[in-house]
file start-v8.txt (compact mmCIF, C-alpha atoms)
# COMPACT_ATOMS: atom_id res chain seq x y z
CA MET A 1 -206.37 -206.46 -182.91
CA ALA A 2 -208.96 -206.31 -185.69
CA SER A 3 -211.70 -205.96 -183.10
CA MET A 4 -209.70 -203.23 -181.33
CA THR A 5 -209.23 -201.16 -184.48
CA GLN A 6 -212.92 -201.56 -185.35
CA ALA A 7 -213.88 -200.70 -181.77
CA ALA A 8 -211.82 -197.52 -182.07
CA SER A 9 -213.77 -196.64 -185.21
CA ALA A 10 -217.06 -197.29 -183.41
CA ALA A 11 -215.94 -195.08 -180.51
CA GLU A 12 -215.13 -192.24 -182.93
CA LYS A 13 -218.60 -192.56 -184.44
CA LEU A 14 -220.15 -192.45 -180.98
CA VAL A 15 -218.21 -189.32 -179.97
CA GLY A 16 -218.67 -187.75 -183.39
CA HIS A 17 -216.35 -185.82 -185.69
CA ASP A 18 -215.68 -182.13 -185.25
CA ASP A 19 -216.97 -179.64 -187.84
CA SER A 20 -213.63 -178.77 -189.48
CA ALA A 21 -213.89 -180.76 -192.73
CA VAL A 22 -215.08 -179.26 -196.01
CA THR A 23 -215.40 -182.67 -197.67
CA ALA A 24 -217.42 -185.74 -196.67
CA GLN A 25 -215.79 -188.07 -194.14
CA ASP A 26 -215.92 -191.86 -193.88
CA VAL A 27 -216.29 -192.59 -197.60
CA ALA A 28 -213.94 -195.58 -197.36
CA ASN A 29 -215.98 -197.59 -199.88
CA TYR A 30 -218.76 -196.72 -202.27
CA PRO A 31 -222.53 -197.32 -202.26
CA ARG A 32 -224.15 -199.57 -204.82
CA ARG A 33 -224.80 -197.77 -208.11
CA ALA A 34 -228.13 -197.76 -209.90
CA ASP A 35 -226.46 -199.31 -212.97
CA GLY A 36 -224.81 -201.98 -210.81
CA GLU A 37 -221.35 -201.27 -212.25
CA THR A 38 -218.49 -202.69 -210.21
CA MET A 39 -214.70 -202.63 -210.14
CA LYS A 40 -211.85 -204.58 -208.64
CA ALA A 41 -210.39 -203.10 -205.45
CA LEU A 42 -208.21 -204.21 -202.56
CA CYS A 43 -210.18 -204.27 -199.31
CA TRP A 44 -209.09 -204.59 -195.68
CA MET A 45 -210.90 -207.58 -194.21
CA GLY A 46 -209.33 -207.78 -190.76
CA LYS A 47 -205.95 -208.11 -189.10
CA ASN A 48 -203.47 -209.68 -191.56
CA SER A 49 -206.21 -210.09 -194.14
CA VAL A 50 -206.71 -208.17 -197.40
CA GLU A 51 -208.66 -209.31 -200.46
CA VAL A 52 -209.25 -208.20 -204.03
CA ARG A 53 -213.02 -207.90 -204.32
CA ASP A 54 -215.62 -206.75 -206.82
CA VAL A 55 -217.14 -203.61 -205.28
CA PRO A 56 -219.25 -200.69 -206.54
CA ARG A 57 -217.25 -198.18 -208.57
CA PRO A 58 -217.34 -194.56 -207.37
CA SER A 59 -219.63 -191.79 -208.55
CA ILE A 60 -219.42 -188.01 -208.26
CA ARG A 61 -220.51 -187.15 -204.72
CA GLU A 62 -219.42 -183.50 -204.34
CA PRO A 63 -218.96 -180.71 -206.91
CA GLY A 64 -215.16 -180.77 -206.52
CA ASP A 65 -214.84 -184.52 -207.13
CA VAL A 66 -212.83 -186.16 -209.87
CA ILE A 67 -213.19 -189.83 -210.79
CA LEU A 68 -209.97 -191.42 -212.09
CA ARG A 69 -209.57 -194.59 -214.09
CA VAL A 70 -206.54 -195.88 -212.24
CA THR A 71 -203.60 -196.70 -214.50
CA GLY A 72 -201.05 -197.28 -211.77
CA SER A 73 -200.79 -197.81 -208.04
CA THR A 74 -198.27 -199.38 -205.68
CA VAL A 75 -197.79 -200.91 -202.24
CA CYS A 76 -196.07 -198.89 -199.52
CA GLY A 77 -194.40 -200.00 -196.31
CA SER A 78 -197.04 -197.91 -194.58
CA ASP A 79 -199.69 -200.22 -196.03
CA LEU A 80 -198.25 -203.04 -193.92
CA HIS A 81 -199.21 -201.12 -190.77
CA LEU A 82 -202.81 -201.34 -192.00
CA LEU A 83 -202.41 -205.02 -192.79
CA HIS A 84 -201.11 -205.66 -189.28
CA GLY A 85 -203.90 -203.66 -187.66
CA SER A 86 -201.40 -201.22 -186.13
CA ILE A 87 -203.36 -198.22 -187.44
CA VAL A 88 -206.66 -197.76 -185.63
CA GLN A 89 -210.16 -197.23 -187.04
CA LEU A 90 -210.19 -199.58 -189.99
CA ASN A 91 -213.45 -201.26 -190.95
CA LYS A 92 -214.00 -204.44 -192.90
CA GLY A 93 -214.36 -203.63 -196.58
CA ASP A 94 -212.40 -200.34 -196.53
CA ILE A 95 -210.60 -199.79 -199.86
CA LEU A 96 -206.84 -199.33 -199.41
CA GLY A 97 -204.10 -197.53 -201.34
CA HIS A 98 -202.68 -194.01 -201.02
CA GLU A 99 -200.38 -193.85 -204.08
CA PHE A 100 -201.98 -193.81 -207.53
CA CYS A 101 -202.25 -192.13 -210.92
CA GLY A 102 -204.78 -192.36 -213.70
CA ILE A 103 -206.87 -190.89 -216.48
CA VAL A 104 -209.77 -188.57 -215.65
CA ASP A 105 -213.11 -190.26 -216.30
CA GLU A 106 -215.57 -187.81 -214.71
CA VAL A 107 -215.41 -184.36 -213.12
CA GLY A 108 -217.76 -182.57 -210.75
CA SER A 109 -219.52 -179.31 -211.61
CA ALA A 110 -217.06 -177.16 -209.61
CA VAL A 111 -213.89 -178.63 -211.19
CA SER A 112 -212.21 -176.00 -213.38
CA LYS A 113 -208.58 -177.10 -213.90
CA VAL A 114 -208.60 -180.87 -214.21
CA GLN A 115 -209.72 -182.09 -217.63
CA ARG A 116 -211.34 -185.32 -218.74
CA GLY A 117 -209.08 -187.68 -220.67
CA LYS A 118 -205.82 -186.32 -219.29
CA ARG A 119 -203.38 -188.15 -217.01
CA TYR A 120 -202.83 -187.08 -213.41
CA VAL A 121 -201.06 -188.27 -210.29
CA ALA A 122 -202.72 -187.77 -206.90
CA SER A 123 -201.04 -186.73 -203.67
CA PHE A 124 -201.58 -189.25 -200.88
CA GLN A 125 -202.97 -186.46 -198.71
CA ILE A 126 -206.18 -184.58 -199.44
CA ALA A 127 -205.79 -180.83 -199.10
CA CYS A 128 -208.25 -177.95 -199.33
CA GLY A 129 -205.81 -175.50 -200.92
CA ASP A 130 -206.73 -172.41 -198.91
CA CYS A 131 -206.16 -173.00 -195.17
CA PHE A 132 -203.16 -171.74 -193.16
CA PHE A 133 -201.01 -174.79 -194.00
CA CYS A 134 -202.16 -175.22 -197.60
CA LYS A 135 -201.20 -171.63 -198.41
CA GLN A 136 -197.65 -172.60 -197.42
CA LYS A 137 -197.90 -175.84 -199.45
CA LEU A 138 -197.70 -177.84 -196.20
CA SER A 139 -200.52 -179.93 -197.59
CA SER A 140 -200.14 -182.91 -195.24
CA GLN A 141 -201.36 -180.75 -192.37
CA CYS A 142 -204.43 -179.31 -194.11
CA GLU A 143 -206.92 -178.13 -191.49
CA LYS A 144 -210.09 -178.81 -193.47
CA THR A 145 -210.09 -182.41 -194.72
CA ASN A 146 -209.94 -184.57 -191.57
CA ALA A 147 -212.50 -184.12 -188.80
CA ASN A 148 -211.37 -187.07 -186.67
CA THR A 149 -211.59 -186.14 -182.97
CA THR A 150 -209.54 -189.12 -181.77
CA GLU A 151 -206.53 -187.95 -183.77
CA ARG A 152 -206.91 -184.43 -182.40
CA ALA A 153 -207.09 -185.77 -178.84
CA MET A 154 -203.98 -187.96 -179.32
CA TYR A 155 -201.82 -185.53 -181.27
CA GLY A 156 -203.01 -182.08 -180.24
CA GLY A 157 -203.99 -181.49 -183.86
CA GLN A 158 -205.05 -183.32 -187.02
CA THR A 159 -203.26 -184.26 -190.20
CA ALA A 160 -204.89 -183.87 -193.57
CA GLY A 161 -207.24 -186.54 -194.79
CA MET A 162 -205.44 -189.38 -196.56
CA PHE A 163 -206.48 -191.86 -199.21
CA GLY A 164 -206.95 -195.45 -198.13
CA TYR A 165 -205.51 -194.99 -194.66
CA SER A 166 -208.29 -195.64 -192.15
CA HIS A 167 -210.98 -193.45 -190.62
CA PHE A 168 -208.30 -192.02 -188.31
CA THR A 169 -207.28 -189.92 -191.32
CA GLY A 170 -210.77 -189.14 -192.58
CA GLY A 171 -211.92 -192.45 -194.01
CA PHE A 172 -211.32 -191.99 -197.76
CA ALA A 173 -211.40 -194.90 -200.22
CA GLY A 174 -207.97 -195.55 -201.69
CA GLY A 175 -206.53 -196.11 -205.14
CA GLN A 176 -205.55 -199.79 -205.10
CA ALA A 177 -208.53 -200.20 -207.37
CA GLU A 178 -209.68 -199.73 -210.95
CA TYR A 179 -211.40 -196.42 -210.15
CA VAL A 180 -211.01 -193.89 -207.36
CA ARG A 181 -212.82 -190.78 -206.24
CA VAL A 182 -210.55 -187.77 -205.63
CA PRO A 183 -212.18 -185.05 -203.50
CA LEU A 184 -211.14 -181.46 -204.24
CA GLY A 185 -209.59 -182.70 -207.46
CA ASP A 186 -208.31 -179.33 -208.67
CA VAL A 187 -206.04 -179.18 -205.61
CA ASN A 188 -204.94 -182.79 -205.22
CA LEU A 189 -204.07 -183.84 -208.77
CA LEU A 190 -200.92 -182.95 -210.74
CA GLU A 191 -201.02 -183.29 -214.52
CA ILE A 192 -198.52 -185.76 -215.96
CA PRO A 193 -196.64 -184.39 -219.00
CA GLU A 194 -196.54 -186.45 -222.19
CA ASP A 195 -192.81 -187.14 -221.83
CA VAL A 196 -193.20 -188.76 -218.38
CA PRO A 197 -194.63 -192.31 -218.21
CA ASP A 198 -196.97 -193.44 -215.45
CA GLU A 199 -194.26 -195.76 -214.13
CA LYS A 200 -192.23 -192.71 -213.11
CA ALA A 201 -194.96 -190.16 -212.34
CA LEU A 202 -196.80 -192.50 -209.96
CA TYR A 203 -194.17 -192.18 -207.26
CA LEU A 204 -194.66 -188.42 -206.95
CA SER A 205 -197.74 -189.34 -204.92
CA ASP A 206 -195.71 -190.30 -201.84
CA VAL A 207 -192.35 -192.09 -201.87
CA LEU A 208 -190.32 -189.45 -203.73
CA ALA A 209 -191.74 -186.53 -201.75
CA THR A 210 -191.43 -188.42 -198.47
CA SER A 211 -187.79 -189.40 -198.95
CA TYR A 212 -186.89 -185.93 -200.26
CA ASN A 213 -188.62 -184.31 -197.29
CA ALA A 214 -186.79 -186.62 -194.86
CA VAL A 215 -183.43 -185.42 -196.16
CA HIS A 216 -184.17 -181.72 -196.43
CA ASP A 217 -186.34 -181.37 -193.34
CA THR A 218 -183.71 -183.13 -191.20
CA ALA A 219 -181.08 -181.03 -193.03
CA VAL A 220 -178.24 -182.80 -194.82
CA TYR A 221 -175.36 -180.48 -195.68
CA PRO A 222 -172.41 -180.93 -198.06
CA GLY A 223 -169.76 -183.08 -196.40
CA ASP A 224 -172.18 -184.79 -193.99
CA GLN A 225 -172.05 -188.46 -193.12
CA VAL A 226 -175.57 -189.90 -193.05
CA ALA A 227 -177.00 -193.10 -191.57
CA VAL A 228 -180.29 -194.26 -193.07
CA PHE A 229 -182.22 -196.74 -190.94
CA GLY A 230 -184.30 -198.85 -193.29
CA ALA A 231 -183.33 -199.71 -196.87
CA GLY A 232 -186.81 -200.05 -198.28
CA PRO A 233 -187.98 -197.68 -201.04
CA ILE A 234 -188.17 -194.63 -198.74
CA GLY A 235 -184.76 -195.33 -197.23
CA GLN A 236 -183.21 -196.12 -200.60
CA MET A 237 -184.37 -192.84 -202.09
CA ALA A 238 -183.47 -190.90 -198.93
CA GLY A 239 -179.93 -192.17 -199.44
CA VAL A 240 -180.00 -191.02 -203.06
CA PHE A 241 -181.30 -187.57 -202.12
CA ALA A 242 -178.74 -187.28 -199.31
CA ALA A 243 -175.99 -187.99 -201.83
CA LYS A 244 -177.44 -185.34 -204.15
CA ALA A 245 -177.39 -182.91 -201.20
CA GLY A 246 -173.63 -183.39 -200.86
CA ALA A 247 -173.25 -186.15 -198.26
CA THR A 248 -169.86 -187.88 -198.50
CA LYS A 249 -170.85 -191.14 -196.81
CA ILE A 250 -174.18 -192.98 -196.76
CA ILE A 251 -174.65 -195.84 -194.29
CA PHE A 252 -177.71 -198.07 -194.74
CA VAL A 253 -178.83 -200.00 -191.66
CA ASP A 254 -181.11 -202.94 -192.52
CA THR A 255 -180.72 -206.62 -193.40
CA GLU A 256 -180.96 -208.83 -196.47
CA PRO A 257 -182.30 -208.81 -199.11
CA ARG A 258 -182.70 -205.05 -198.98
CA LEU A 259 -179.05 -204.18 -198.40
CA ALA A 260 -178.07 -206.15 -201.50
CA PHE A 261 -180.82 -204.47 -203.55
CA VAL A 262 -179.66 -200.98 -202.56
CA LYS A 263 -176.04 -201.83 -203.31
CA GLU A 264 -176.92 -203.26 -206.72
CA HIS A 265 -179.03 -200.23 -207.65
CA TRP A 266 -176.82 -197.51 -206.20
CA PRO A 267 -176.60 -194.75 -208.87
CA LYS A 268 -173.42 -194.84 -210.93
CA GLU A 269 -173.16 -191.06 -210.68
CA HIS A 270 -172.34 -191.42 -206.97
CA ALA A 271 -169.88 -194.30 -207.31
CA GLY A 272 -166.44 -193.18 -206.22
CA LYS A 273 -167.81 -189.86 -204.98
CA VAL A 274 -170.01 -190.99 -202.11
CA GLU A 275 -168.82 -193.78 -199.81
CA LEU A 276 -171.49 -196.46 -199.41
CA GLU A 277 -171.57 -198.61 -196.26
CA LEU A 278 -174.00 -201.40 -195.38
CA VAL A 279 -174.76 -202.43 -191.79
CA ASP A 280 -176.76 -205.62 -191.20
CA PHE A 281 -178.46 -205.06 -187.85
CA LYS A 282 -179.06 -208.79 -187.45
CA THR A 283 -175.32 -209.33 -186.97
CA PHE A 284 -175.20 -207.01 -183.93
CA ALA A 285 -176.54 -207.05 -180.39
CA PHE A 286 -179.01 -204.39 -179.26
CA GLY A 287 -180.05 -202.52 -176.14
CA VAL A 288 -177.82 -201.87 -173.13
CA THR A 289 -174.97 -204.35 -173.58
CA THR A 290 -171.17 -204.63 -173.74
CA LYS A 291 -171.43 -206.54 -177.03
CA LYS A 292 -171.04 -204.83 -180.38
CA THR A 293 -174.16 -202.98 -181.47
CA VAL A 294 -175.28 -200.91 -184.43
CA VAL A 295 -174.29 -197.85 -182.39
CA HIS A 296 -170.74 -199.19 -182.02
CA ARG A 297 -170.54 -199.81 -185.77
CA LEU A 298 -171.73 -196.30 -186.63
CA LYS A 299 -169.03 -194.86 -184.39
CA GLU A 300 -166.39 -197.02 -186.09
CA LEU A 301 -167.47 -195.91 -189.54
CA CYS A 302 -167.46 -192.21 -188.68
CA GLY A 303 -164.20 -191.40 -186.93
CA GLY A 304 -165.31 -192.59 -183.51
CA ARG A 305 -167.91 -189.83 -183.21
CA GLY A 306 -170.77 -191.14 -185.31
CA PRO A 307 -172.57 -189.74 -188.37
CA ASP A 308 -173.77 -186.14 -188.57
CA VAL A 309 -177.29 -187.24 -189.46
CA ALA A 310 -179.52 -190.28 -188.95
CA ILE A 311 -182.84 -190.72 -190.75
CA GLU A 312 -185.45 -193.25 -189.61
CA CYS A 313 -187.29 -194.87 -192.54
CA VAL A 314 -188.67 -197.97 -190.80
CA ALA A 315 -191.54 -197.46 -188.31
CA GLY A 316 -192.33 -197.97 -184.66
CA GLU A 317 -194.18 -201.29 -184.82
CA TYR A 318 -191.15 -203.57 -185.21
CA ALA A 319 -189.80 -204.48 -181.79
CA LYS A 320 -186.37 -206.12 -181.51
CA GLY A 321 -186.40 -207.14 -177.82
CA TRP A 322 -188.93 -209.02 -175.74
CA MET A 323 -189.67 -206.08 -173.44
CA HIS A 324 -190.95 -203.77 -176.15
CA TRP A 325 -192.74 -206.68 -177.82
CA PHE A 326 -194.54 -207.46 -174.57
CA GLU A 327 -195.41 -203.83 -173.80
CA MET A 328 -196.86 -203.38 -177.27
CA MET A 329 -198.83 -206.61 -176.99
CA VAL A 330 -200.47 -205.55 -173.71
CA GLY A 331 -201.04 -201.96 -174.85
CA ALA A 332 -198.45 -200.35 -172.53
CA GLU A 333 -197.01 -198.61 -175.61
CA THR A 334 -197.93 -198.37 -179.27
CA ASP A 335 -194.41 -198.02 -180.68
CA THR A 336 -190.93 -199.23 -179.80
CA SER A 337 -188.21 -196.65 -179.14
CA GLU A 338 -185.36 -199.00 -180.08
CA ILE A 339 -184.44 -197.51 -183.46
CA ILE A 340 -184.94 -193.96 -182.20
CA ASN A 341 -182.51 -194.70 -179.37
CA GLU A 342 -179.97 -196.21 -181.77
CA MET A 343 -180.09 -193.04 -183.84
CA ILE A 344 -179.79 -190.71 -180.84
CA GLU A 345 -176.90 -192.69 -179.37
CA GLY A 346 -175.28 -193.32 -182.75
CA VAL A 347 -174.98 -189.79 -184.16
CA ARG A 348 -172.25 -187.40 -183.12
CA SER A 349 -172.90 -184.86 -180.37
CA PHE A 350 -175.11 -182.08 -181.71
CA GLY A 351 -176.11 -184.42 -184.53
CA ARG A 352 -179.54 -184.53 -186.16
CA CYS A 353 -182.09 -187.35 -186.21
CA GLY A 354 -185.10 -187.26 -188.51
CA VAL A 355 -188.13 -189.54 -188.09
CA THR A 356 -190.03 -190.39 -191.27
CA GLY A 357 -191.18 -193.95 -190.50
CA VAL A 358 -194.73 -194.13 -189.14
CA TYR A 359 -195.13 -193.88 -185.35
CA VAL A 360 -198.71 -194.13 -184.13
CA GLY A 361 -198.74 -192.98 -180.52
CA TYR A 362 -196.61 -193.53 -177.42
CA THR A 363 -193.31 -195.21 -176.57
CA ASN A 364 -191.39 -196.26 -173.45
CA HIS A 365 -187.68 -196.37 -172.51
CA PHE A 366 -186.82 -193.36 -174.66
CA ASN A 367 -183.23 -192.18 -174.08
CA ILE A 368 -184.01 -188.56 -173.33
CA GLY A 369 -180.78 -188.34 -171.33
CA SER A 370 -178.57 -188.81 -174.40
CA LEU A 371 -180.77 -186.41 -176.34
CA MET A 372 -180.39 -183.65 -173.75
CA GLU A 373 -176.82 -184.17 -172.59
CA ARG A 374 -175.33 -184.51 -176.07
CA GLY A 375 -177.46 -181.85 -177.75
CA ILE A 376 -179.13 -184.17 -180.26
CA ARG A 377 -181.79 -182.65 -182.50
CA LEU A 378 -184.75 -185.04 -182.86
CA ILE A 379 -186.92 -183.96 -185.76
CA GLY A 380 -190.32 -185.35 -186.62
CA ASN A 381 -190.38 -185.03 -190.40
CA GLY A 382 -194.16 -185.38 -190.38
CA GLN A 383 -196.28 -186.80 -193.12
CA ALA A 384 -194.49 -185.29 -196.12
CA PRO A 385 -196.16 -182.22 -197.65
CA VAL A 386 -196.33 -183.58 -201.20
CA HIS A 387 -197.58 -180.31 -202.73
CA LYS A 388 -194.43 -178.53 -201.55
CA TYR A 389 -192.18 -180.78 -203.60
CA TRP A 390 -193.98 -182.60 -206.40
CA GLU A 391 -193.55 -179.98 -209.12
CA ASP A 392 -189.78 -179.72 -208.53
CA LEU A 393 -189.44 -183.50 -208.39
CA LEU A 394 -191.40 -183.81 -211.63
CA GLN A 395 -188.92 -181.44 -213.27
CA GLN A 396 -186.05 -183.61 -212.01
CA ILE A 397 -187.70 -186.64 -213.63
CA GLN A 398 -188.20 -184.76 -216.90
CA SER A 399 -184.58 -183.61 -216.98
CA GLY A 400 -183.30 -187.13 -216.33
CA ASP A 401 -181.71 -186.11 -213.03
CA LEU A 402 -184.06 -188.42 -211.10
CA ASP A 403 -185.04 -191.94 -212.11
CA PRO A 404 -187.73 -193.47 -209.88
CA LEU A 405 -187.37 -196.81 -211.66
CA GLN A 406 -184.16 -197.50 -209.73
CA MET A 407 -186.33 -198.64 -206.80
CA VAL A 408 -188.97 -200.54 -208.81
CA SER A 409 -188.44 -204.30 -208.69
CA HIS A 410 -191.77 -205.71 -209.91
CA ARG A 411 -194.72 -204.96 -212.17
CA VAL A 412 -197.89 -206.77 -211.05
CA ARG A 413 -201.65 -206.83 -211.72
CA ILE A 414 -204.39 -205.36 -209.55
CA GLU A 415 -205.92 -208.86 -209.54
CA ASP A 416 -202.86 -210.12 -207.63
CA ILE A 417 -202.29 -207.23 -205.23
CA ASP A 418 -203.56 -209.12 -202.17
CA LYS A 419 -200.88 -211.76 -202.79
CA VAL A 420 -198.33 -208.98 -203.36
CA TYR A 421 -199.04 -207.59 -199.87
CA TYR A 422 -197.92 -210.84 -198.26
CA LYS A 423 -194.87 -211.20 -200.50
CA PHE A 424 -193.87 -207.59 -199.83
CA GLU A 425 -194.34 -208.15 -196.10
CA LYS A 426 -191.95 -211.13 -196.20
CA LYS A 427 -189.56 -209.42 -198.66
CA GLU A 428 -189.89 -212.40 -200.99
CA GLU A 429 -188.28 -212.21 -204.45
CA SER A 430 -186.31 -209.16 -203.23
CA MET A 431 -189.53 -207.18 -203.68
CA GLN A 432 -188.69 -203.50 -203.18
CA LYS A 433 -191.28 -201.32 -204.91
CA VAL A 434 -194.01 -202.48 -207.27
CA PHE A 435 -195.98 -200.92 -210.09
CA VAL A 436 -199.55 -202.22 -210.05
CA GLU A 437 -201.29 -202.16 -213.42
CA THR A 438 -205.00 -202.31 -214.19
CA LYS A 439 -206.99 -202.94 -217.35
CA PHE A 440 -206.65 -199.19 -218.03
CA SER A 441 -202.84 -199.09 -217.86
CA LEU A 442 -200.79 -197.98 -220.84
CA PRO A 443 -198.05 -200.22 -222.31
CA ALA A 444 -195.03 -200.53 -220.04
CA CYS A 445 -192.34 -197.90 -220.49
CA GLU A 446 -188.69 -198.66 -221.20
CA GLY A 447 -186.88 -199.78 -218.05
CA CYS A 448 -189.98 -200.99 -216.23
CA PRO A 449 -189.71 -204.59 -214.94
CA PRO A 450 -191.67 -207.20 -216.91
CA LEU A 451 -195.09 -208.22 -215.65
CA THR A 452 -195.13 -210.88 -212.94
CA THR A 453 -198.35 -212.77 -212.26
CA TYR A 454 -199.25 -214.82 -209.18
call {"tool": "encode", "arguments": {"input": "start-v8.txt", "output": "structure tokens"}}
result
Amino acid sequence: MASMTQAASAAEKLVGHDDSAVTAQDVANYPRRADGETMKALCWMGKNSVEVRDVPRPSIREPGDVILRVTGSTVCGSDLHLLHGSIVQLNKGDILGHEFCGIVDEVGSAVSKVQRGKRYVASFQIACGDCFFCKQKLSSQCEKTNANTTERAMYGGQTAGMFGYSHFTGGFAGGQAEYVRVPLGDVNLLEIPEDVPDEKALYLSDVLATSYNAVHDTAVYPGDQVAVFGAGPIGQMAGVFAAKAGATKIIFVDTEPRLAFVKEHWPKEHAGKVELELVDFKTFAFGVTTKKTVVHRLKELCGGRGPDVAIECVAGEYAKGWMHWFEMMVGAETDTSEIINEMIEGVRSFGRCGVTGVYVGYTNHFNIGSLMERGIRLIGNGQAPVHKYWEDLLQQIQSGDLDPLQMVSHRVRIEDIDKVYYKFEKKEESMQKVFVETKFSLPACEGCPPLTTY
């Protein structure tokens, strides 16, 4: 798989990018500096292999660049798709990480808003700020920061460039490092107020905006019953935001230890007001069968009809049955349709299904019959447009209405982040969401888990 993803990158280079990008592409690591200064960074080394390495620290490359001293980063479920080689066009040595915050160290000559010495959080997407989508704050679909022709050919369009997420999304070095270069810094950095610690502001970069977008883009209305597939950080917070939107019942579909973590950390404000149900998919059959399935259980929990809404917060790479596993192995599909089918079949007629988990390309055995006959709305939530939401979410944090620390289980060091990837992958130590500190991090805020070293 590693050779396949690298071959895809080589093919893109051979074909060539289009001319749509206003910022340099394929800067997934940094050239050696004249002063020889280095930093620690997490690098992709091949399928199922990441390493913390000493690599050159970034320099200003373009007038709009900002260099951050990283004070916080994290590991996302989406990072596991890179680890597994499921995302194409990764090269050995690419620096990973799309969620980070830090202190401004250097600014380019064209930077007018961002100031040295201040704290900022970056959006995981890189936006230009003035294209058709950026003017609507739909920053994840910026038309000017990703010139990858393979993505355009596969999708009929391109997403924005993204930090640390392969050359398929522009090839930008990520923030699981001690320093990071932020192109178009005036657009892609949000200042962190003094009353908000890094341990809370960091998650504005992705997880909070993504889970919030999943709920509001799919449309959760007061009185709705909502099934959330996946009880990782995105799913956990989607459940919280669905409850805030007025849902009366939240059903999490996952397995242990995540179901126990979500139950233990369910906000007290919703206790007694929102009914919480946990469904362990490992205790049910799947596919076309007369045995009890997740679909059967959803019907039982929701008056025989099923929930009004289902939200997918897992991804398409995790096959349950041998058929999808085999088809993915031989390249007959890139993603399994099993969870999508469970959602479509599980919701009530004219129900709504939102897809937020990462799906790369094509799937087989999709139940289009149930979708059409029962009037199910299948909604691709897209890569979340962070710029549309992050200011409002920041205000919720400031007011105390939103506490991101409810999903944070561990505080770790950048030196150990390669080990953290494997622990997170296996869900060891009930690892849910981590805060990754560097030598530049400020003292831990109240409520942050104590530092764990490996």
call {"tool": "residues_around", "arguments": {"input": "start-v8.txt", "residues": "stretch 329-344 of chain A", "least_positions_apart": "5", "cutoff": "8 Å", "atoms": "all atoms listed in the file", "output": "list in words"}}
result
Phe229, Gly287, Val294, Val295, Ala310, Ile311, Glu312, Gly316, Glu317, Tyr318, Ala319, Lys320, His324, Cys353, Tyr359, Val360, Gly361, Tyr362, Thr363, Asn364, His365, Phe366, Asn367, Ser370, Leu371, Ile376 and Leu378 of chain A
call {"tool": "residues_around", "arguments": {"input": "start-v8.txt", "residues": "A:Gly117", "least_positions_apart": "6", "cutoff": "8 Å", "atoms": "only C-alpha atoms", "output": "NGL selection string"}}
result
:A and (103-105)
call {"tool": "atom_distance", "arguments": {"input": "start-v8.txt", "atom1": "atom CA of A:Asn146", "atom2": "atom CA of A:Gly161"}}
result
4.6 Å
call {"tool": "closest_atom_pairs", "arguments": {"input": "start-v8.txt", "of": "stretch 169-254 of chain A", "to": "stretch 19-35 of chain A", "cutoff": "9 Å", "atoms": "only C-alpha atoms", "output": "JSON lines"}}
result
{"residue": "A:Gly170", "atom": "CA", "partner": "A:Gln25", "partner_atom": "CA", "distance": 5.4}
{"residue": "A:Gly171", "atom": "CA", "partner": "A:Asp26", "partner_atom": "CA", "distance": 4.0}
{"residue": "A:Phe172", "atom": "CA", "partner": "A:Ala28", "partner_atom": "CA", "distance": 4.5}
{"residue": "A:Ala173", "atom": "CA", "partner": "A:Ala28", "partner_atom": "CA", "distance": 3.9}
{"residue": "A:Gly174", "atom": "CA", "partner": "A:Ala28", "partner_atom": "CA", "distance": 7.4}
{"residue": "A:Pro183", "atom": "CA", "partner": "A:Thr23", "partner_atom": "CA", "distance": 7.1}
{"residue": "A:Leu184", "atom": "CA", "partner": "A:Thr23", "partner_atom": "CA", "distance": 7.9}
call {"tool": "closest_residue", "arguments": {"input": "start-v8.txt", "among": "A:Arg119, A:His410, A:Lys137, A:Lys47", "to": "A:Ser86", "atoms": "only C-alpha atoms"}}
result
A:Lys47
call {"tool": "build_atoms", "arguments": {"input": "start-v8.txt", "residues": "stretch 288-293 of chain A", "atoms": "N, CA, C and O atoms", "output": "short mmCIF file (atom, residue, chain, number, x, y, z; two decimals), in the frame of the given file"}}
result
data_model
loop_
_atom_site.label_atom_id
_atom_site.label_comp_id
_atom_site.auth_asym_id
_atom_site.auth_seq_id
_atom_site.Cartn_x
_atom_site.Cartn_y
_atom_site.Cartn_z
N VAL A 288 -178.93 -202.18 -174.02
CA VAL A 288 -177.82 -201.87 -173.13
C VAL A 288 -176.98 -203.13 -172.96
O VAL A 288 -177.40 -204.10 -172.32
N THR A 289 -175.80 -203.16 -173.56
CA THR A 289 -174.97 -204.35 -173.58
C THR A 289 -173.52 -203.95 -173.82
O THR A 289 -173.23 -202.86 -174.32
N THR A 290 -172.59 -204.86 -173.46
CA THR A 290 -171.17 -204.63 -173.74
C THR A 290 -170.77 -205.24 -175.08
O THR A 290 -169.63 -205.06 -175.52
N LYS A 291 -171.70 -205.96 -175.71
CA LYS A 291 -171.43 -206.54 -177.03
C LYS A 291 -171.52 -205.47 -178.10
O LYS A 291 -172.06 -204.39 -177.89
N LYS A 292 -171.00 -205.79 -179.28
CA LYS A 292 -171.04 -204.83 -180.38
C LYS A 292 -172.47 -204.62 -180.86
O LYS A 292 -173.23 -205.57 -181.06
N THR A 293 -172.82 -203.36 -181.04
CA THR A 293 -174.16 -202.98 -181.47
C THR A 293 -174.08 -202.14 -182.74
O THR A 293 -172.99 -201.78 -183.19
#
